[in-house]
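Student: Below are the C-alpha cells for one structure; questions will follow.
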Protein chains: 2
Amino acid sequence: MISIGIDLGGTNIKAALVHKNKGFIHTTSIPTNAEMGKKYVFDRIAMAVNDLMEQHDEKPIGIGMGLPGMVSMNRKIVKNPPNLPGWEVERVAEEVGSRTNLNCVIENDANLAALGSARFGAGKNLDSFIMITLGTGVGGGIIFENKIYRGTTGKAGELGHVIIDYHGPLSNSNTRGGIEAYLGQRFLSRFAADTIRQNTDNPLYEQFHRDFSKLEPVDLYHSAREGNELAIQILRKTGEKLGYALVNYIHILDINKIIVSGGVAKAGEFILGPAKETASKLLMPPFVEGFEIIYENLGNDAALLGAASLAFEEL
Amino acid sequence: MISIGIDLGGTNIKAALVHKNKGFIHTTSIPTNAEMGKKYVFDRIAMAVNDLMEQHDEKPIGIGMGLPGMVSMNRKIVKNPPNLPGWEVERVAEEVGSRTNLNCVIENDANLAALGSARFGAGKNLDSFIMITLGTGVGGGIIFENKIYRGTTGKAGELGHVIIDYHGPLSNSNTRGGIEAYLGQRFLSRFAADTIRQNTDNPLYEQFHRDFSKLEPVDLYHSAREGNELAIQILRKTGEKLGYALVNYIHILDINKIIVSGGVAKAGEFILGPAKETASKLLMPPFVEGFEIIYENLGNDAALLGAASLAFEEL
C-alpha cells in the first residue's frame with residue numbers, strides 16, 4: 001500500500017511517495033513561493049503530487065499533509081497557519097483533493113513528526129511517547145496508545161509554551177518563562193552570547209565578538225566537543241531547563257519516554273545528559289523508572305513520513 | 001442499577017449505596033483505625049459494605065473504591081498508599097471482593113473525584129475537563145472524552161507537582177517550585193504568615209501574631225470578604241500562581257475547562273478570579289476561547305460518587 005505525504009512549509013513543499021512498510025519510494029521538494037498566494041500554492045502542491053504519481057504505477061490511497069498551525073478536528077481545515085501569508089481559515093483538504101482526485105487529510109506538522117517517529121523512527125517500539133522538537137521554536141507532539149493525542153480541539157502538545165519560571169523571559173507567545181524562551185534557537189544563541197561576553201578570554205569570544213549574531217547552537221556544540229568548558233556549561237544550563245519542562249510533561253501525562261528532534265537537539269549529550277539528570281532528580285520517584293530521552297535521527301523526514309502515515313490510517 | 005462506592009482515607013472509611021441516576025441512597029462513615037493493620041482495615045471495609053447492603057433489597061452490581069496512591073492499570077492493586085501504614089503492594093480488589101462476595105475495582109481517589117464530578121457534579125455537561133483539588137496537598141484528575149485519562153501506568157495528573165518556578169520553594173516531593181508549594185494549605189498559610197508579619201498594623205497581625213500556626217486559608221477568606229486589603233492581596237498572589245499552572249496544563253492537554261475543588265478553593269473568587277485573569281493573559285490566544293474555571297460543590301462526596309460510578313462503568 002502506498003500513499004503521498006506532503007510537508008508544507010513557508011519555504012518548501014516537500015512531497016513523497018511512501019510505502020506503508022518500506023518507507024520512501026520517491027521524494028521531491030519545490031519552493032513554496034508562499035508570497036504568490038494560496039491558490040498558487042495549492043496548484044504547486046497538485047503539481048508535486050502529479051509529478052510523484054508519474055513515477056509509480058500503483059495508485060496511492062490518498063494524501064496526508066502536514067502544515068504549521070491549527071487544524072480542525074475533522075482534519076480538513078487549517079486556521080491562520082504561520083509563515084503562509086494570506087491564509088486564514090482554509091479548506092485545504094478540499095482544495096488539494098479536488099486538484100488531484102485523491103482524498104486528502106491534513107494535520108499539524110509537529111503532530112505528524114511524532115507520528116512519523118512512531119511509525120518509522122525512534123518511536124517505533126513505543127506505544128506512547130512525547131516528542132519535543134528543538135528548532136527555531138520548540139514544538140511538540142504526543143503519541144498516546146499509538147495515536148496522536150490531539151486534545152479537545154486538535155491543539156494539544158504546545159510544549160514550547162510550558163512555563164518553568166513565571167518571572168522568566170518572554171518568547172514568541174504571550175507566555176513568559178516558557179521553555180521556548182530558553183531552548184528556541186534564537187534565545188539559546190542570545191543566552192550564549194551574553195555569557196561569552198562576560199568571558200573575554202574564551203576562544204568563543206575571540207571567534208564571535210565582532211558579530212554575535214553569527215553564533216549558532218551548532219558552534220557551541222563544536223566548542224563543547226573540543227572541550228571548551230564555557231560551551232559545555234552553557235549547554236548544561238540549557239539542558240537543565242529542558243529537564244524542568246520534562247518534569248511538567250511527565251507529571252501531567254504519565255508518559256516518560258521522550259523523543260527529541262530538531263537542530264538544537266544535535267548538541268546531543270551536552271544538552272540531553274543534563275536534561276535527564278535534572279528531571280530524574282525532580283520527578284516523583286515512580287516516574288523515574290523507565291524514564292528515557294531518545295534522539296530522533298529522522299530529522300525533517302519525520303513529518304513527511306508522518307503525513308504519509310496519516311493517510312494510511314485515516315483514509 | 002445500584003453500586004457501592006467507598007472512599008478509603010487514612011482517617012475514615014466512607015461508603016455509600018449509590019443509584020446510577022439518582023445518586024446517594026445510603027451513606028456511612030467509620031474510622032479507618034489504620035494503625036490496626038491492613039487485615040483489620042479490609043475487615044472494616046467489608047463490615048461497612050454489609051451494613052449498607054442490609055439497608056436495601058436490590059443487590060449492588062459491585063464495589064468501586066478510591067484510595068490514595070498508585071493503582072495498577074488493571075485497577076486491582078495499590079502500591080505504597082500514603083497514610084495507610086504497613087501497606088505495600090496490596091491486592092485490594094481481591095481482599096475486598098472475597099470478603100463481600102462482590103466484584104471490586106479500585107482507583108486513585110483524585111481520579112475518582114474527577115469522575116464523580118463528571119457524573120454527578122460540575123463536570124456533568126463537559127466531555128473533557130481538568131479537576132484540581134486544593135487541599136492539604138494539591139491533587140488532580142483529568143477527564144478526557146468522558147473517561148479518566150490515566151496515562152501509561154495510571155499515575156497521570158500529578159498536577160500539584162507541575163513546576164511554575166524552577167528555583168521556587170520545595171513542597172512534599174522532589175519537585176521544586178511546584179504549584180503545591182504555593183497552594184497547598186500549609187504552604188499558603190506560611191506565605192500568609194510571612195506577609196502578615198511584615199504588616200503589624202493589619203488586623204490579621206493582631207489576631208494571629210501570638211501563634212501564626214493557627215492561621216488557616218479560611219481566615220484569609222473571611223478577612224478578604226470583610227475588605228482586608230492584605231488578605232485580598234495574599235489570595236490574589238496565590239491565585240496568580242494557580243494561573244501559571246493552568247497555562248501549563250492547558251498548553252499540554254488542550255483541555256480548557258477547569259474544575260476546582262477542595263478547602264482552599266473555598267476562597268472562591270479571591271483566588272479563582274486572579275487565576276483566570278493571569279492564565280487568560282499568558283495562554284496562547286486560541287486556548288482562551290471557552291476557557292473556564294468552575295467551582296465544584298460536591299466536596300468530599302465527589303470521590304465517593306466517583307467510586308460508585310467506576311463500579312457502574314468497569315464491572
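How things are named: the first chain in the C-alpha cells is A, the next is B, and so on; residues count from 1 in each chain; ligands count from 1 in the order shown.
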Dump as CSV the rows for residues of chain B within 7 Å of chain A: closest atom pair and distance in Å with one decimal, only C-alpha atoms counted, ordered by chain and rising residue number.

Tutor:
residue,atom,partner,partner_atom,distance
B:Gly151,CA,A:Asp254,CA,4.7
B:Thr152,CA,A:Asp254,CA,5.8
B:Thr153,CA,A:Asp254,CA,6.8
B:Lys155,CA,A:Asp254,CA,5.9
B:Ala156,CA,A:Asp254,CA,4.5
B:Gly157,CA,A:Ile252,CA,4.5
B:Glu158,CA,A:His251,CA,5.1
B:Leu159,CA,A:Ile252,CA,6.1
B:His161,CA,A:His251,CA,6.8
B:Val162,CA,A:Asn248,CA,4.9
B:Ile163,CA,A:Ile164,CA,5.9
B:Ile164,CA,A:Ile164,CA,4.9
B:Asp165,CA,A:Asp165,CA,4.0
B:Tyr166,CA,A:Ile164,CA,5.9
B:Ser173,CA,A:Met284,CA,6.4
B:Asn174,CA,A:Leu282,CA,4.8
B:Thr175,CA,A:Leu282,CA,4.6
B:Tyr244,CA,A:Tyr166,CA,6.8
B:Asn248,CA,A:Val162,CA,4.9
B:His251,CA,A:Glu158,CA,5.1
B:Ile252,CA,A:Gly157,CA,4.5
B:Leu253,CA,A:Ala156,CA,5.1
B:Asp254,CA,A:Ala156,CA,4.5
B:Ile255,CA,A:Thr152,CA,5.9
B:Lys281,CA,A:Asn174,CA,6.8
B:Leu282,CA,A:Thr175,CA,4.6
B:Leu283,CA,A:Asn174,CA,6.3
B:Met284,CA,A:Asn174,CA,6.0

Student: So that I can check the secondary structure, give me every residue of range 101-257 of chain A assigned helix (DSSP H, G or I) by backbone DSSP, as a ChimeraX atom specification.

Tutor: /A:109-120,159-161,180-183,185-197,203-208,212-214,217-225,229-253

Student: May I have the selected residues written with C-alpha atoms, as a short mmCIF file (atom, residue, chain, number, x, y, z; two decimals), in the first residue's frame?

Tutor:
data_model
loop_
_atom_site.label_atom_id
_atom_site.label_comp_id
_atom_site.auth_asym_id
_atom_site.auth_seq_id
_atom_site.Cartn_x
_atom_site.Cartn_y
_atom_site.Cartn_z
CA ASP A 109 3.30 19.30 11.31
CA ALA A 110 4.62 18.84 14.86
CA ASN A 111 1.99 16.15 15.47
CA LEU A 112 2.97 14.47 12.21
CA ALA A 113 6.65 14.49 13.15
CA ALA A 114 5.63 12.49 16.22
CA LEU A 115 3.54 10.12 14.11
CA GLY A 116 6.44 9.68 11.68
CA SER A 117 8.71 8.80 14.56
CA ALA A 118 6.11 6.33 15.85
CA ARG A 119 5.81 4.53 12.53
CA PHE A 120 9.31 4.82 11.03
CA LEU A 159 5.24 22.00 24.70
CA GLY A 160 7.33 25.08 23.94
CA HIS A 161 4.93 27.27 25.86
CA GLU A 180 10.99 28.02 24.16
CA ALA A 181 12.42 31.17 25.77
CA TYR A 182 15.45 29.08 26.76
CA LEU A 183 15.76 26.42 24.08
CA GLN A 185 17.47 28.64 18.68
CA ARG A 186 17.49 32.44 18.84
CA PHE A 187 17.06 32.50 22.62
CA LEU A 188 19.80 29.98 23.19
CA SER A 189 22.13 31.95 20.94
CA ARG A 190 21.37 35.15 22.84
CA PHE A 191 21.94 33.48 26.21
CA ALA A 192 25.22 32.09 24.89
CA ALA A 193 26.33 35.48 23.56
CA ASP A 194 25.58 37.14 26.91
CA THR A 195 27.60 34.51 28.73
CA ILE A 196 30.52 34.63 26.32
CA ARG A 197 30.68 38.44 26.53
CA PRO A 203 38.10 31.26 22.36
CA LEU A 204 34.39 31.75 21.57
CA TYR A 205 34.76 35.42 22.45
CA GLU A 206 37.63 35.80 20.00
CA GLN A 207 35.61 33.97 17.34
CA PHE A 208 32.32 35.86 17.67
CA PHE A 212 27.49 37.68 17.98
CA SER A 213 24.50 37.31 15.68
CA LYS A 214 26.60 34.72 13.82
CA PRO A 217 23.87 26.43 18.75
CA VAL A 218 25.99 24.24 16.45
CA ASP A 219 29.03 26.43 17.28
CA LEU A 220 28.50 25.73 20.96
CA TYR A 221 28.27 22.06 20.21
CA HIS A 222 31.54 22.04 18.28
CA SER A 223 33.29 24.01 21.02
CA ALA A 224 31.92 21.67 23.66
CA ARG A 225 33.26 18.68 21.74
CA GLU A 229 34.24 24.42 29.40
CA LEU A 230 32.18 27.56 28.84
CA ALA A 231 30.33 25.98 25.92
CA ILE A 232 29.77 22.85 27.98
CA GLN A 233 28.39 24.96 30.82
CA ILE A 234 26.04 26.93 28.53
CA LEU A 235 24.67 23.72 27.06
CA ARG A 236 24.38 22.17 30.53
CA LYS A 237 22.30 25.07 31.81
CA THR A 238 20.13 24.82 28.71
CA GLY A 239 19.69 21.11 29.27
CA GLU A 240 18.66 21.71 32.88
CA LYS A 241 15.87 24.00 31.66
CA LEU A 242 14.68 21.25 29.34
CA GLY A 243 14.72 18.92 32.35
CA TYR A 244 12.29 21.14 34.26
CA ALA A 245 9.90 21.13 31.32
CA LEU A 246 10.13 17.34 31.03
CA VAL A 247 9.08 17.04 34.69
CA ASN A 248 5.95 19.02 33.86
CA TYR A 249 5.06 16.94 30.79
CA ILE A 250 5.64 13.67 32.63
CA HIS A 251 3.76 14.61 35.82
CA ILE A 252 0.72 15.62 33.78
CA LEU A 253 0.71 12.97 31.07
#

Student: Have a look at CA of Glu296 in chain B and CA of Lys257 in chain B and let me know their distance in Å, one decimal.

Tutor: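 Taking CA of Glu296 in chain B and CA of Lys257 in chain B, their separation equals 12.2 Å.
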
Student: Report the residues of range 56-297 of chain A whose backbone DSSP state falls under strand (DSSP E or B), written as an mmCIF file with C-alpha atoms, in the first residue's frame.

Tutor:
data_model
loop_
_atom_site.group_PDB
_atom_site.id
_atom_site.type_symbol
_atom_site.label_atom_id
_atom_site.label_comp_id
_atom_site.auth_asym_id
_atom_site.auth_seq_id
_atom_site.Cartn_x
_atom_site.Cartn_y
_atom_site.Cartn_z
ATOM 1 C CA ILE A 63 -2.672 12.294 0.553
ATOM 2 C CA GLY A 64 -1.649 13.174 4.101
ATOM 3 C CA MET A 65 -0.334 16.673 4.547
ATOM 4 C CA GLY A 66 1.410 18.435 7.398
ATOM 5 C CA LEU A 67 1.474 22.197 7.807
ATOM 6 C CA MET A 70 -4.180 24.763 13.983
ATOM 7 C CA VAL A 71 -6.003 22.006 12.166
ATOM 8 C CA VAL A 78 -6.411 24.945 8.839
ATOM 9 C CA LYS A 79 -6.687 28.256 10.692
ATOM 10 C CA VAL A 89 -9.472 29.646 7.549
ATOM 11 C CA GLU A 90 -8.661 27.429 4.579
ATOM 12 C CA CYS A 104 -6.635 14.324 1.494
ATOM 13 C CA VAL A 105 -6.259 14.734 5.267
ATOM 14 C CA ILE A 106 -4.177 17.373 6.990
ATOM 15 C CA GLU A 107 -2.583 17.673 10.428
ATOM 16 C CA ASN A 108 -0.304 19.998 12.343
ATOM 17 C CA PHE A 129 5.880 8.970 23.921
ATOM 18 C CA ILE A 130 6.324 12.711 23.955
ATOM 19 C CA MET A 131 8.190 14.211 21.023
ATOM 20 C CA ILE A 132 9.817 17.569 21.503
ATOM 21 C CA THR A 133 11.336 19.390 18.556
ATOM 22 C CA LEU A 134 14.093 21.859 19.389
ATOM 23 C CA VAL A 138 10.115 24.489 20.409
ATOM 24 C CA GLY A 139 7.248 22.293 19.268
ATOM 25 C CA GLY A 140 5.755 19.067 20.391
ATOM 26 C CA GLY A 141 3.591 16.113 19.626
ATOM 27 C CA ILE A 142 2.185 13.488 21.940
ATOM 28 C CA ILE A 143 1.645 9.877 20.953
ATOM 29 C CA PHE A 144 -0.633 8.110 23.423
ATOM 30 C CA LYS A 147 -2.262 7.558 18.232
ATOM 31 C CA ILE A 148 -1.707 11.308 18.161
ATOM 32 C CA ILE A 163 6.205 27.673 31.883
ATOM 33 C CA ASP A 165 9.727 30.151 35.544
ATOM 34 C CA LEU A 170 9.327 36.225 27.033
ATOM 35 C CA ARG A 176 6.621 34.131 29.959
ATOM 36 C CA GLY A 178 8.173 29.063 28.680
ATOM 37 C CA LYS A 257 9.566 8.194 27.042
ATOM 38 C CA ILE A 258 10.830 11.409 25.480
ATOM 39 C CA ILE A 259 11.950 11.659 21.867
ATOM 40 C CA VAL A 260 13.941 14.741 20.966
ATOM 41 C CA SER A 261 14.388 16.059 17.461
ATOM 42 C CA GLU A 292 14.286 7.780 28.789
ATOM 43 C CA ILE A 293 15.337 10.554 26.421
ATOM 44 C CA ILE A 294 15.903 9.289 22.909
ATOM 45 C CA TYR A 295 17.320 11.228 19.975
#

Student: Given only C-alpha atoms as the basis, pick out the residue of A:Ile271, A:Met47, A:Val288, A:Val18 nearest to Thr32 in chain A.

Tutor: A:Met47

Student: Using only C-alpha atoms, find the one residue out of A:Met36, A:Leu8, A:Ile61, A:Ala302 that sits nearest to Asn103 in chain A.

Tutor: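 Of the candidates, the smallest distance to Asn103 in chain A is held by A:Ile61.
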
Student: CA of Asn12 in chain B and CA of Arg44 in chain B, how far apart in Å?

Tutor: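 Rounded to one decimal, the two atoms are 10.5 Å apart.
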